$ cat upload_9.pdb   # PDB, C-alpha atoms, pLDDT in the B column
ATOM      1  CA  MET A   1     114.434  42.048 107.063  1.00 46.00           C
ATOM      2  CA  ASN A   2     118.014  40.752 107.273  1.00 49.00           C
ATOM      3  CA  ARG A   3     120.527  42.501 105.022  1.00 47.00           C
ATOM      4  CA  HIS A   4     123.809  41.183 103.750  1.00 44.00           C
ATOM      5  CA  PRO A   5     126.543  42.514 106.099  1.00 40.00           C
ATOM      6  CA  LEU A   6     128.217  44.406 103.246  1.00 37.00           C
ATOM      7  CA  VAL A   7     124.955  46.158 102.350  1.00 37.00           C
ATOM      8  CA  ALA A   8     124.380  47.047 105.995  1.00 37.00           C
ATOM      9  CA  ALA A   9     127.905  48.457 106.247  1.00 34.00           C
ATOM     10  CA  LEU A  10     127.454  50.562 103.108  1.00 31.00           C
ATOM     11  CA  LEU A  11     124.157  51.914 104.395  1.00 35.00           C
ATOM     12  CA  TRP A  12     125.840  52.834 107.676  1.00 34.00           C
ATOM     13  CA  VAL A  13     128.792  54.723 106.138  1.00 38.00           C
ATOM     14  CA  ALA A  14     126.882  56.364 103.303  1.00 40.00           C
ATOM     15  CA  PRO A  15     125.735  59.437 105.284  1.00 43.00           C
ATOM     16  CA  PHE A  16     129.278  60.394 106.259  1.00 41.00           C
ATOM     17  CA  PRO A  17     130.537  61.496 102.816  1.00 47.00           C
ATOM     18  CA  ILE A  18     127.244  63.340 102.318  1.00 47.00           C
ATOM     19  CA  PHE A  19     127.605  65.066 105.697  1.00 52.00           C
ATOM     20  CA  ALA A  20     131.229  65.961 104.891  1.00 62.00           C
ATOM     21  CA  ALA A  21     130.120  67.477 101.586  1.00 64.00           C
ATOM     22  CA  ASP A  22     127.381  69.464 103.352  1.00 80.00           C
ATOM     23  CA  MET A  23     129.910  70.757 105.865  1.00 80.00           C
ATOM     24  CA  ALA A  24     132.250  71.835 103.062  1.00 85.00           C
ATOM     25  CA  ASN A  25     129.337  73.694 101.449  1.00 87.00           C
ATOM     26  CA  ASN A  26     128.496  75.349 104.772  1.00 87.00           C
ATOM     27  CA  VAL A  27     132.073  76.497 105.296  1.00 88.00           C
ATOM     28  CA  ALA A  28     132.087  77.945 101.764  1.00 89.00           C
ATOM     29  CA  LEU A  29     128.732  79.664 102.385  1.00 88.00           C
ATOM     30  CA  VAL A  30     130.054  81.370 105.519  1.00 91.00           C
ATOM     31  CA  ALA A  31     133.220  82.449 103.696  1.00 92.00           C
ATOM     32  CA  ARG A  32     131.219  83.962 100.819  1.00 91.00           C
ATOM     33  CA  ALA A  33     128.924  85.807 103.202  1.00 89.00           C
ATOM     34  CA  GLN A  34     131.877  87.178 105.152  1.00 91.00           C
ATOM     35  CA  GLN A  35     133.582  88.356 101.974  1.00 91.00           C
ATOM     36  CA  ARG A  36     130.376  90.108 100.925  1.00 89.00           C
ATOM     37  CA  TRP A  37     129.825  92.058 104.134  1.00 88.00           C
ATOM     38  CA  GLU A  38     133.524  92.774 104.696  1.00 89.00           C
ATOM     39  CA  GLN A  39     133.716  94.408 101.266  1.00 89.00           C
ATOM     40  CA  SER A  40     130.587  96.485 101.822  1.00 86.00           C
ATOM     41  CA  ALA A  41     130.661 100.142 102.780  1.00 86.00           C
ATOM     42  CA  HIS A  42     129.895  99.080 106.347  1.00 85.00           C
ATOM     43  CA  GLY A  43     132.429  96.255 106.509  1.00 86.00           C
ATOM     44  CA  ALA A  44     134.614  97.758 109.250  1.00 85.00           C
ATOM     45  CA  TRP A  45     131.612  98.068 111.560  1.00 85.00           C
ATOM     46  CA  LEU A  46     130.074  94.678 110.719  1.00 87.00           C
ATOM     47  CA  SER A  47     133.356  92.866 111.288  1.00 87.00           C
ATOM     48  CA  ARG A  48     133.413  94.090 114.898  1.00 86.00           C
ATOM     49  CA  ILE A  49     129.925  92.913 115.932  1.00 89.00           C
ATOM     50  CA  LEU A  50     130.973  89.401 116.953  1.00 90.00           C
ATOM     51  CA  PRO A  51     134.353  87.700 117.322  1.00 90.00           C
ATOM     52  CA  PRO A  52     135.136  84.907 114.826  1.00 90.00           C
ATOM     53  CA  SER A  53     134.903  82.295 117.566  1.00 87.00           C
ATOM     54  CA  THR A  54     133.196  79.295 115.972  1.00 92.00           C
ATOM     55  CA  THR A  55     132.801  77.445 112.668  1.00 93.00           C
ATOM     56  CA  PRO A  56     130.048  75.374 111.001  1.00 94.00           C
ATOM     57  CA  THR A  57     131.725  72.119 112.015  1.00 93.00           C
ATOM     58  CA  ARG A  58     131.797  73.119 115.689  1.00 92.00           C
ATOM     59  CA  LEU A  59     128.113  73.980 115.954  1.00 96.00           C
ATOM     60  CA  PRO A  60     126.083  71.676 118.218  1.00 95.00           C
ATOM     61  CA  GLU A  61     123.881  69.305 116.203  1.00 95.00           C
ATOM     62  CA  ALA A  62     125.674  70.622 113.138  1.00 93.00           C
ATOM     63  CA  GLU A  63     123.572  68.606 110.710  1.00 92.00           C
ATOM     64  CA  SER A  64     120.216  69.726 112.178  1.00 95.00           C
ATOM     65  CA  ARG A  65     117.780  72.087 110.507  1.00 96.00           C
ATOM     66  CA  GLY A  66     118.304  74.667 113.236  1.00 97.00           C
ATOM     67  CA  ALA A  67     122.042  74.764 112.554  1.00 96.00           C
ATOM     68  CA  GLN A  68     121.370  75.118 108.832  1.00 95.00           C
ATOM     69  CA  LEU A  69     119.056  78.060 109.475  1.00 96.00           C
ATOM     70  CA  LEU A  70     121.706  79.676 111.666  1.00 97.00           C
ATOM     71  CA  LEU A  71     124.201  79.292 108.817  1.00 95.00           C
ATOM     72  CA  ARG A  72     121.755  80.614 106.253  1.00 94.00           C
ATOM     73  CA  TYR A  73     120.585  83.741 108.038  1.00 94.00           C
ATOM     74  CA  CYS A  74     122.988  84.605 110.846  1.00 95.00           C
ATOM     75  CA  VAL A  75     126.193  85.083 108.868  1.00 94.00           C
ATOM     76  CA  GLN A  76     124.815  87.647 106.447  1.00 92.00           C
ATOM     77  CA  CYS A  77     125.997  90.601 108.527  1.00 90.00           C
ATOM     78  CA  HIS A  78     128.550  89.294 111.031  1.00 93.00           C
ATOM     79  CA  HIS A  79     130.607  86.295 112.100  1.00 94.00           C
ATOM     80  CA  LEU A  80     128.832  83.041 112.945  1.00 96.00           C
ATOM     81  CA  PRO A  81     127.342  83.160 116.468  1.00 96.00           C
ATOM     82  CA  SER A  82     127.371  80.253 118.887  1.00 96.00           C
ATOM     83  CA  PRO A  83     124.105  79.215 120.592  1.00 97.00           C
ATOM     84  CA  ALA A  84     126.044  79.200 123.870  1.00 94.00           C
ATOM     85  CA  MET A  85     126.651  82.950 123.624  1.00 94.00           C
ATOM     86  CA  HIS A  86     123.482  83.475 125.657  1.00 96.00           C
ATOM     87  CA  HIS A  87     121.221  81.553 128.013  1.00 96.00           C
ATOM     88  CA  ALA A  88     117.853  80.343 126.748  1.00 97.00           C
ATOM     89  CA  GLU A  89     115.780  83.183 128.231  1.00 97.00           C
ATOM     90  CA  LYS A  90     117.795  85.826 126.400  1.00 97.00           C
ATOM     91  CA  TRP A  91     117.539  84.420 122.876  1.00 98.00           C
ATOM     92  CA  PRO A  92     113.896  85.357 122.019  1.00 98.00           C
ATOM     93  CA  LYS A  93     114.470  89.127 122.237  1.00 97.00           C
ATOM     94  CA  ILE A  94     117.734  88.828 120.305  1.00 97.00           C
ATOM     95  CA  VAL A  95     116.123  86.786 117.527  1.00 97.00           C
ATOM     96  CA  ASP A  96     113.179  89.213 117.315  1.00 96.00           C
ATOM     97  CA  ARG A  97     115.589  92.137 117.039  1.00 94.00           C
ATOM     98  CA  MET A  98     117.747  90.436 114.411  1.00 93.00           C
ATOM     99  CA  VAL A  99     114.750  89.430 112.266  1.00 94.00           C
ATOM    100  CA  LEU A 100     113.525  93.029 112.281  1.00 91.00           C
ATOM    101  CA  ARG A 101     116.966  94.166 111.163  1.00 90.00           C
ATOM    102  CA  MET A 102     117.068  91.558 108.399  1.00 90.00           C
ATOM    103  CA  LYS A 103     113.780  93.016 107.198  1.00 89.00           C
ATOM    104  CA  GLY A 104     115.346  96.480 107.123  1.00 85.00           C
ATOM    105  CA  ARG A 105     113.412  97.777 110.125  1.00 86.00           C
ATOM    106  CA  GLY A 106     116.279  98.118 112.570  1.00 76.00           C
ATOM    107  CA  ASN A 107     117.202 100.860 115.009  1.00 75.00           C
ATOM    108  CA  THR A 108     119.293 102.914 112.598  1.00 70.00           C
ATOM    109  CA  GLY A 109     116.519 103.807 110.169  1.00 64.00           C
ATOM    110  CA  ALA A 110     117.560 104.485 106.577  1.00 72.00           C
ATOM    111  CA  LEU A 111     121.090 103.152 107.135  1.00 72.00           C
ATOM    112  CA  MET A 112     119.743  99.806 108.312  1.00 72.00           C
ATOM    113  CA  LYS A 113     117.354  99.583 105.360  1.00 74.00           C
ATOM    114  CA  ASP A 114     120.221 100.287 102.959  1.00 78.00           C
ATOM    115  CA  MET A 115     122.474  97.729 104.648  1.00 75.00           C
ATOM    116  CA  MET A 116     119.812  95.019 104.532  1.00 77.00           C
ATOM    117  CA  ALA A 117     118.796  95.544 100.906  1.00 78.00           C
ATOM    118  CA  SER A 118     120.335  92.217  99.814  1.00 81.00           C
ATOM    119  CA  VAL A 119     119.748  90.283 103.038  1.00 87.00           C
ATOM    120  CA  ALA A 120     117.161  87.489 103.330  1.00 91.00           C
ATOM    121  CA  ALA A 121     114.969  87.217 106.417  1.00 92.00           C
ATOM    122  CA  PRO A 122     113.509  83.987 107.821  1.00 96.00           C
ATOM    123  CA  GLY A 123     109.786  83.343 107.676  1.00 96.00           C
ATOM    124  CA  GLU A 124     107.701  82.770 110.788  1.00 97.00           C
ATOM    125  CA  GLU A 125     108.127  78.994 110.853  1.00 98.00           C
ATOM    126  CA  GLU A 126     111.865  79.288 110.207  1.00 97.00           C
ATOM    127  CA  THR A 127     112.187  81.850 112.991  1.00 98.00           C
ATOM    128  CA  HIS A 128     110.529  79.468 115.460  1.00 98.00           C
ATOM    129  CA  ALA A 129     112.785  76.591 114.345  1.00 98.00           C
ATOM    130  CA  LEU A 130     115.879  78.787 114.670  1.00 98.00           C
ATOM    131  CA  LEU A 131     114.855  79.945 118.130  1.00 98.00           C
ATOM    132  CA  ASP A 132     114.193  76.361 119.238  1.00 98.00           C
ATOM    133  CA  TYR A 133     117.720  75.434 118.128  1.00 98.00           C
ATOM    134  CA  LEU A 134     119.343  78.379 119.889  1.00 98.00           C
ATOM    135  CA  GLN A 135     117.467  77.799 123.131  1.00 98.00           C
ATOM    136  CA  GLY A 136     118.045  74.054 123.024  1.00 98.00           C
ATOM    137  CA  ASN A 137     121.802  74.590 122.819  1.00 97.00           C
ATOM    138  CA  ALA A 138     122.061  77.741 124.922  1.00 97.00           C
ATOM    139  CA  GLN A 139     124.410  78.441 127.800  1.00 95.00           C
ATOM    140  CA  VAL A 140     123.469  76.665 131.046  1.00 94.00           C
ATOM    141  CA  PRO A 141     123.440  79.292 133.836  1.00 95.00           C
ATOM    142  CA  ILE A 142     125.210  78.553 137.088  1.00 95.00           C
ATOM    143  CA  ARG A 143     123.185  77.536 140.142  1.00 93.00           C
ATOM    144  CA  THR A 144     125.046  79.731 142.588  1.00 93.00           C
ATOM    145  CA  ARG A 145     123.729  77.970 145.702  1.00 93.00           C
ATOM    146  CA  ARG A 146     125.722  74.893 144.705  1.00 94.00           C
ATOM    147  CA  TYR A 147     129.033  76.802 144.842  1.00 96.00           C
ATOM    148  CA  ALA A 148     129.741  78.122 148.317  1.00 95.00           C
ATOM    149  CA  ASP A 149     133.283  79.139 147.300  1.00 96.00           C
ATOM    150  CA  LEU A 150     132.264  81.150 144.233  1.00 96.00           C
ATOM    151  CA  ALA A 151     133.246  84.463 145.847  1.00 94.00           C
ATOM    152  CA  THR A 152     136.613  83.104 147.031  1.00 96.00           C
ATOM    153  CA  ALA A 153     138.174  80.256 145.028  1.00 95.00           C
ATOM    154  CA  GLY A 154     135.843  81.056 142.126  1.00 94.00           C
ATOM    155  CA  TRP A 155     136.446  84.823 142.167  1.00 94.00           C
ATOM    156  CA  SER A 156     138.499  84.985 138.951  1.00 93.00           C
ATOM    157  CA  PHE A 157     135.998  82.763 137.159  1.00 93.00           C
ATOM    158  CA  ARG A 158     133.050  84.847 138.345  1.00 94.00           C
ATOM    159  CA  GLU A 159     134.588  88.210 137.488  1.00 91.00           C
ATOM    160  CA  ALA A 160     135.947  87.234 134.062  1.00 90.00           C
ATOM    161  CA  CYS A 161     133.179  85.015 132.742  1.00 91.00           C
ATOM    162  CA  SER A 162     130.219  87.202 133.682  1.00 91.00           C
ATOM    163  CA  GLN A 163     131.440  90.165 131.630  1.00 88.00           C
ATOM    164  CA  CYS A 164     129.914  89.029 128.349  1.00 88.00           C
ATOM    165  CA  HIS A 165     127.269  86.412 129.177  1.00 91.00           C
ATOM    166  CA  VAL A 166     125.511  84.646 132.012  1.00 93.00           C
ATOM    167  CA  LEU A 167     127.927  82.834 134.296  1.00 95.00           C
ATOM    168  CA  PRO A 168     128.057  79.218 133.049  1.00 95.00           C
ATOM    169  CA  ASP A 169     127.566  76.237 135.325  1.00 96.00           C
ATOM    170  CA  PRO A 170     130.915  74.415 135.752  1.00 96.00           C
ATOM    171  CA  ALA A 171     128.987  71.133 135.908  1.00 94.00           C
ATOM    172  CA  SER A 172     127.551  71.715 132.431  1.00 93.00           C
ATOM    173  CA  ARG A 173     130.810  70.482 130.869  1.00 92.00           C
ATOM    174  CA  ARG A 174     133.290  67.688 131.404  1.00 94.00           C
ATOM    175  CA  ARG A 175     136.673  68.408 132.926  1.00 94.00           C
ATOM    176  CA  GLN A 176     138.613  67.930 129.684  1.00 94.00           C
ATOM    177  CA  GLU A 177     136.426  70.463 127.831  1.00 94.00           C
ATOM    178  CA  TRP A 178     136.985  73.505 129.990  1.00 95.00           C
ATOM    179  CA  ARG A 179     140.569  74.456 129.148  1.00 94.00           C
ATOM    180  CA  LYS A 180     139.856  74.806 125.429  1.00 93.00           C
ATOM    181  CA  ILE A 181     136.703  76.778 126.154  1.00 92.00           C
ATOM    182  CA  VAL A 182     138.480  79.197 128.509  1.00 93.00           C
ATOM    183  CA  GLU A 183     141.360  79.662 126.067  1.00 92.00           C
ATOM    184  CA  ARG A 184     138.874  80.407 123.295  1.00 90.00           C
ATOM    185  CA  MET A 185     137.046  82.909 125.505  1.00 90.00           C
ATOM    186  CA  SER A 186     140.384  84.527 126.332  1.00 89.00           C
ATOM    187  CA  ARG A 187     141.048  85.023 122.614  1.00 88.00           C
ATOM    188  CA  ASN A 188     137.543  86.453 122.202  1.00 87.00           C
ATOM    189  CA  MET A 189     138.159  88.959 124.996  1.00 85.00           C
ATOM    190  CA  GLN A 190     141.450  90.030 123.458  1.00 82.00           C
ATOM    191  CA  TRP A 191     139.718  90.424 120.089  1.00 82.00           C
ATOM    192  CA  MET A 192     136.864  92.494 121.537  1.00 79.00           C
ATOM    193  CA  ASN A 193     139.238  94.778 123.435  1.00 74.00           C
ATOM    194  CA  ARG A 194     141.547  95.309 120.479  1.00 66.00           C
ATOM    195  CA  VAL A 195     142.276  98.846 119.417  1.00 56.00           C
ATOM    196  CA  VAL A 196     144.892  99.714 116.819  1.00 53.00           C
ATOM    197  CA  GLY A 197     148.125 100.502 118.627  1.00 56.00           C
ATOM    198  CA  SER A 198     146.874  99.345 122.018  1.00 61.00           C
ATOM    199  CA  ARG A 199     149.064  97.411 124.447  1.00 68.00           C
ATOM    200  CA  PRO A 200     148.219  95.402 127.590  1.00 67.00           C
ATOM    201  CA  ASP A 201     148.365  97.426 130.777  1.00 71.00           C
ATOM    202  CA  ALA A 202     149.948  95.491 133.663  1.00 72.00           C
ATOM    203  CA  ARG A 203     148.185  97.805 136.139  1.00 74.00           C
ATOM    204  CA  GLU A 204     144.801  96.389 135.075  1.00 66.00           C
ATOM    205  CA  PRO A 205     143.378  93.112 136.468  1.00 66.00           C
ATOM    206  CA  GLN A 206     144.778  90.270 134.373  1.00 71.00           C
ATOM    207  CA  LEU A 207     142.850  87.260 133.124  1.00 77.00           C
ATOM    208  CA  ALA A 208     143.920  84.339 135.331  1.00 87.00           C
ATOM    209  CA  VAL A 209     143.357  81.537 132.824  1.00 89.00           C
ATOM    210  CA  ASP A 210     144.944  78.745 134.878  1.00 92.00           C
ATOM    211  CA  GLU A 211     143.035  79.769 137.988  1.00 93.00           C
ATOM    212  CA  ILE A 212     139.743  79.857 136.094  1.00 93.00           C
ATOM    213  CA  VAL A 213     140.377  76.517 134.398  1.00 93.00           C
ATOM    214  CA  GLY A 214     141.344  74.950 137.731  1.00 95.00           C
ATOM    215  CA  TYR A 215     138.084  76.039 139.351  1.00 94.00           C
ATOM    216  CA  LEU A 216     135.993  74.813 136.422  1.00 95.00           C
ATOM    217  CA  GLU A 217     137.790  71.489 136.258  1.00 95.00           C
ATOM    218  CA  ARG A 218     137.307  70.855 139.981  1.00 96.00           C
ATOM    219  CA  ASN A 219     133.578  71.433 139.608  1.00 96.00           C
ATOM    220  CA  ALA A 220     133.066  69.912 136.150  1.00 95.00           C
ATOM    221  CA  LYS A 221     130.633  67.169 135.187  1.00 92.00           C
ATOM    222  CA  GLN A 222     131.876  63.776 136.288  1.00 87.00           C
ATOM    223  CA  ASP A 223     132.585  61.202 133.572  1.00 76.00           C
TER     224      ASP A 223
END
$ encode --input "upload_9.pdb" --output "structure tokens"
Amino acid sequence: MNRHPLVAALLWVAPFPIFAADMANNVALVARAQQRWEQSAHGAWLSRILPPSTTPTRLPEAESRGAQLLLRYCVQCHHLPSPAMHHAEKWPKIVDRMVLRMKGRGNTGALMKDMMASVAAPGEEETHALLDYLQGNAQVPIRTRRYADLATAGWSFREACSQCHVLPDPASRRRQEWRKIVERMSRNMQWMNRVVGSRPDAREPQLAVDEIVGYLERNAKQD
């Protein structure tokens, strides 16, 4: 069926205002959840579980059901996680552990049950859908045999980026993406190491951002 060009154009642009409205609702949902757990008796602890490193609009496949489930369940007790925090093989145990905690059956007994009194837990089908989303957008581990210079030119990259997660494959991203990612990871590391009154110690190994970015860019996915 042939449509009038104006009708076709309207049908094409219609989803965008709806998507924008959904994103605004998601941002508000995350903000309300954060306010709730920050103001709880356990707020100081909960606020330190994950760094505030991503937002609803930056999630991969942000309009998908998996992303919506992540936003519904995984901001109730801490900042929004990114699927790329872990590689695919690691996510099942983490999801199983988090679902148990949401049901009040975590590893801190009565405290966990009290903390989770107002928290919703996903059902079995939702849990599978959430796990599929996390694994489908997980970190791509490096194939070390492809990088003969990993221990030399890639030393700073290897030492810094394997501290918190599996070492990512430089070829999993395009050249222009890596600098922003490394700078964001640098901020995350500073956030995680923060202690009130602490100061950087020049005697400690320093994060060589430019060196890391240079190595990743040289080995990035080709456009």
$ resolve_selection --input "upload_9.pdb" --expression "the PyMOL selection byres ((chain A and resi 46) around 10)" --output "PDB file with C-alpha atoms, keeping the file's coordinate frame"
ATOM      1  CA  GLN A  34     131.877  87.178 105.152  1.00 91.00           C
ATOM      2  CA  TRP A  37     129.825  92.058 104.134  1.00 88.00           C
ATOM      3  CA  GLU A  38     133.524  92.774 104.696  1.00 89.00           C
ATOM      4  CA  SER A  40     130.587  96.485 101.822  1.00 86.00           C
ATOM      5  CA  ALA A  41     130.661 100.142 102.780  1.00 86.00           C
ATOM      6  CA  HIS A  42     129.895  99.080 106.347  1.00 85.00           C
ATOM      7  CA  GLY A  43     132.429  96.255 106.509  1.00 86.00           C
ATOM      8  CA  ALA A  44     134.614  97.758 109.250  1.00 85.00           C
ATOM      9  CA  TRP A  45     131.612  98.068 111.560  1.00 85.00           C
ATOM     10  CA  SER A  47     133.356  92.866 111.288  1.00 87.00           C
ATOM     11  CA  ARG A  48     133.413  94.090 114.898  1.00 86.00           C
ATOM     12  CA  ILE A  49     129.925  92.913 115.932  1.00 89.00           C
ATOM     13  CA  LEU A  50     130.973  89.401 116.953  1.00 90.00           C
ATOM     14  CA  GLN A  76     124.815  87.647 106.447  1.00 92.00           C
ATOM     15  CA  CYS A  77     125.997  90.601 108.527  1.00 90.00           C
ATOM     16  CA  HIS A  78     128.550  89.294 111.031  1.00 93.00           C
ATOM     17  CA  HIS A  79     130.607  86.295 112.100  1.00 94.00           C
TER      18      HIS A  79
END
$ atom_distance --input "upload_9.pdb" --atom1 "CA of Asn107 in chain A" --atom2 "CA of Ile94 in chain A"
13.2 Å
$ atom_distance --input "upload_9.pdb" --atom1 "CA of Phe157 in chain A" --atom2 "CA of Ile212 in chain A"
4.9 Å
$ closest_residue --input "upload_9.pdb" --among "A:Ala153, A:Val166, A:Leu207, A:Leu69" --to "Asp132 in chain A" --atoms "all atoms listed in the file"
A:Leu69
$ atom_distance --input "upload_9.pdb" --atom1 "CA of Arg175 in chain A" --atom2 "CA of Gln190 in chain A"
24.1 Å
$ resolve_selection --input "upload_9.pdb" --expression "the PyMOL selection byres ((chain A and resi 115-128) around 7)" --output "PDB file with C-alpha atoms, keeping the file's coordinate frame"
ATOM      1  CA  TYR A  73     120.585  83.741 108.038  1.00 94.00           C
ATOM      2  CA  GLN A  76     124.815  87.647 106.447  1.00 92.00           C
ATOM      3  CA  VAL A  99     114.750  89.430 112.266  1.00 94.00           C
ATOM      4  CA  MET A 102     117.068  91.558 108.399  1.00 90.00           C
ATOM      5  CA  LYS A 103     113.780  93.016 107.198  1.00 89.00           C
ATOM      6  CA  GLY A 104     115.346  96.480 107.123  1.00 85.00           C
ATOM      7  CA  LEU A 111     121.090 103.152 107.135  1.00 72.00           C
ATOM      8  CA  MET A 112     119.743  99.806 108.312  1.00 72.00           C
ATOM      9  CA  LYS A 113     117.354  99.583 105.360  1.00 74.00           C
ATOM     10  CA  ASP A 114     120.221 100.287 102.959  1.00 78.00           C
ATOM     11  CA  ALA A 129     112.785  76.591 114.345  1.00 98.00           C
ATOM     12  CA  LEU A 130     115.879  78.787 114.670  1.00 98.00           C
ATOM     13  CA  LEU A 131     114.855  79.945 118.130  1.00 98.00           C
ATOM     14  CA  ASP A 132     114.193  76.361 119.238  1.00 98.00           C
TER      15      ASP A 132
END
$ resolve_selection --input "upload_9.pdb" --expression "the PyMOL selection byres ((chain A and resi 60) around 12)" --output "PyMOL selection string"
chain A and resi 54-59+61-68+70+81-84+133-139
$ residues_near_point --input "upload_9.pdb" --point "(136.0, 93.8, 122.7)" --cutoff "12 Å" --atoms "only C-alpha atoms" --output "PDB file with C-alpha atoms, keeping the file's coordinate frame"
ATOM      1  CA  SER A  47     133.356  92.866 111.288  1.00 87.00           C
ATOM      2  CA  ARG A  48     133.413  94.090 114.898  1.00 86.00           C
ATOM      3  CA  ILE A  49     129.925  92.913 115.932  1.00 89.00           C
ATOM      4  CA  LEU A  50     130.973  89.401 116.953  1.00 90.00           C
ATOM      5  CA  PRO A  51     134.353  87.700 117.322  1.00 90.00           C
ATOM      6  CA  PRO A  52     135.136  84.907 114.826  1.00 90.00           C
ATOM      7  CA  GLN A 163     131.440  90.165 131.630  1.00 88.00           C
ATOM      8  CA  CYS A 164     129.914  89.029 128.349  1.00 88.00           C
ATOM      9  CA  MET A 185     137.046  82.909 125.505  1.00 90.00           C
ATOM     10  CA  SER A 186     140.384  84.527 126.332  1.00 89.00           C
ATOM     11  CA  ARG A 187     141.048  85.023 122.614  1.00 88.00           C
ATOM     12  CA  ASN A 188     137.543  86.453 122.202  1.00 87.00           C
ATOM     13  CA  MET A 189     138.159  88.959 124.996  1.00 85.00           C
ATOM     14  CA  GLN A 190     141.450  90.030 123.458  1.00 82.00           C
ATOM     15  CA  TRP A 191     139.718  90.424 120.089  1.00 82.00           C
ATOM     16  CA  MET A 192     136.864  92.494 121.537  1.00 79.00           C
ATOM     17  CA  ASN A 193     139.238  94.778 123.435  1.00 74.00           C
ATOM     18  CA  ARG A 194     141.547  95.309 120.479  1.00 66.00           C
ATOM     19  CA  VAL A 195     142.276  98.846 119.417  1.00 56.00           C
TER      20      VAL A 195
END
$ residues_around --input "upload_9.pdb" --residues "range 160-162 of chain A" --least-positions-apart "4" --cutoff "12 Å" --atoms "only C-alpha atoms" --output "NGL selection string"
:A and (85-86 or 141-142 or 154-156 or 166-170 or 181-186 or 188-189 or 205-209 or 211-213 or 216)
$ write_last_selection --input "upload_9.pdb" --atoms "C-alpha atoms" --output "CSV table (one decimal), in the coordinates of the input"
chain,number,residue,atom,x,y,z
A,85,MET,CA,126.7,83.0,123.6
A,86,HIS,CA,123.5,83.5,125.7
A,141,PRO,CA,123.4,79.3,133.8
A,142,ILE,CA,125.2,78.6,137.1
A,154,GLY,CA,135.8,81.1,142.1
A,155,TRP,CA,136.4,84.8,142.2
A,156,SER,CA,138.5,85.0,139.0
A,166,VAL,CA,125.5,84.6,132.0
A,167,LEU,CA,127.9,82.8,134.3
A,168,PRO,CA,128.1,79.2,133.0
A,169,ASP,CA,127.6,76.2,135.3
A,170,PRO,CA,130.9,74.4,135.8
A,181,ILE,CA,136.7,76.8,126.2
A,182,VAL,CA,138.5,79.2,128.5
A,183,GLU,CA,141.4,79.7,126.1
A,184,ARG,CA,138.9,80.4,123.3
A,185,MET,CA,137.0,82.9,125.5
A,186,SER,CA,140.4,84.5,126.3
A,188,ASN,CA,137.5,86.5,122.2
A,189,MET,CA,138.2,89.0,125.0
A,205,PRO,CA,143.4,93.1,136.5
A,206,GLN,CA,144.8,90.3,134.4
A,207,LEU,CA,142.8,87.3,133.1
A,208,ALA,CA,143.9,84.3,135.3
A,209,VAL,CA,143.4,81.5,132.8
A,211,GLU,CA,143.0,79.8,138.0
A,212,ILE,CA,139.7,79.9,136.1
A,213,VAL,CA,140.4,76.5,134.4
A,216,LEU,CA,136.0,74.8,136.4
$ closest_residue --input "upload_9.pdb" --among "A:Ala33, A:Met23, A:Ala88, A:Ala220" --to "Trp178 in chain A" --atoms "all atoms listed in the file"
A:Ala220
$ closest_residue --input "upload_9.pdb" --among "A:Asp22, A:Asp223, A:Glu159, A:Glu217" --to "Lys180 in chain A" --atoms "only C-alpha atoms"
A:Glu217
$ decode --input "upload_9.pdb" --residues "range 57-67 of chain A" --atoms "N, CA and C atoms" --output "PDB file, in the first residue's frame"
ATOM      1  N   THR A  57      19.856   7.094  29.213  1.00  0.00           N
ATOM      2  CA  THR A  57      20.010   7.413  27.792  1.00  0.00           C
ATOM      3  C   THR A  57      21.258   6.783  27.186  1.00  0.00           C
ATOM      4  N   ARG A  58      22.227   6.421  28.004  1.00  0.00           N
ATOM      5  CA  ARG A  58      23.468   5.844  27.503  1.00  0.00           C
ATOM      6  C   ARG A  58      23.471   4.320  27.508  1.00  0.00           C
ATOM      7  N   LEU A  59      22.400   3.708  27.974  1.00  0.00           N
ATOM      8  CA  LEU A  59      22.332   2.255  27.964  1.00  0.00           C
ATOM      9  C   LEU A  59      22.275   1.740  26.526  1.00  0.00           C
ATOM     10  N   PRO A  60      22.915   0.619  26.235  1.00  0.00           N
ATOM     11  CA  PRO A  60      22.761   0.027  24.897  1.00  0.00           C
ATOM     12  C   PRO A  60      21.326  -0.447  24.708  1.00  0.00           C
ATOM     13  N   GLU A  61      20.809  -0.287  23.487  1.00  0.00           N
ATOM     14  CA  GLU A  61      19.425  -0.680  23.193  1.00  0.00           C
ATOM     15  C   GLU A  61      18.491  -0.105  24.264  1.00  0.00           C
ATOM     16  N   ALA A  62      18.601   1.202  24.458  1.00  0.00           N
ATOM     17  CA  ALA A  62      17.935   1.850  25.585  1.00  0.00           C
ATOM     18  C   ALA A  62      16.423   1.685  25.598  1.00  0.00           C
ATOM     19  N   GLU A  63      15.833   1.458  24.419  1.00  0.00           N
ATOM     20  CA  GLU A  63      14.386   1.322  24.360  1.00  0.00           C
ATOM     21  C   GLU A  63      13.931  -0.127  24.496  1.00  0.00           C
ATOM     22  N   SER A  64      14.843  -1.072  24.641  1.00  0.00           N
ATOM     23  CA  SER A  64      14.495  -2.494  24.684  1.00  0.00           C
ATOM     24  C   SER A  64      13.897  -2.876  26.031  1.00  0.00           C
ATOM     25  N   ARG A  65      13.257  -4.026  26.045  1.00  0.00           N
ATOM     26  CA  ARG A  65      12.653  -4.518  27.293  1.00  0.00           C
ATOM     27  C   ARG A  65      13.730  -4.805  28.332  1.00  0.00           C
ATOM     28  N   GLY A  66      14.864  -5.351  27.888  1.00  0.00           N
ATOM     29  CA  GLY A  66      15.930  -5.639  28.836  1.00  0.00           C
ATOM     30  C   GLY A  66      16.418  -4.394  29.552  1.00  0.00           C
ATOM     31  N   ALA A  67      16.571  -3.296  28.801  1.00  0.00           N
ATOM     32  CA  ALA A  67      16.995  -2.037  29.417  1.00  0.00           C
ATOM     33  C   ALA A  67      15.948  -1.536  30.397  1.00  0.00           C
TER      34      ALA A  67
END
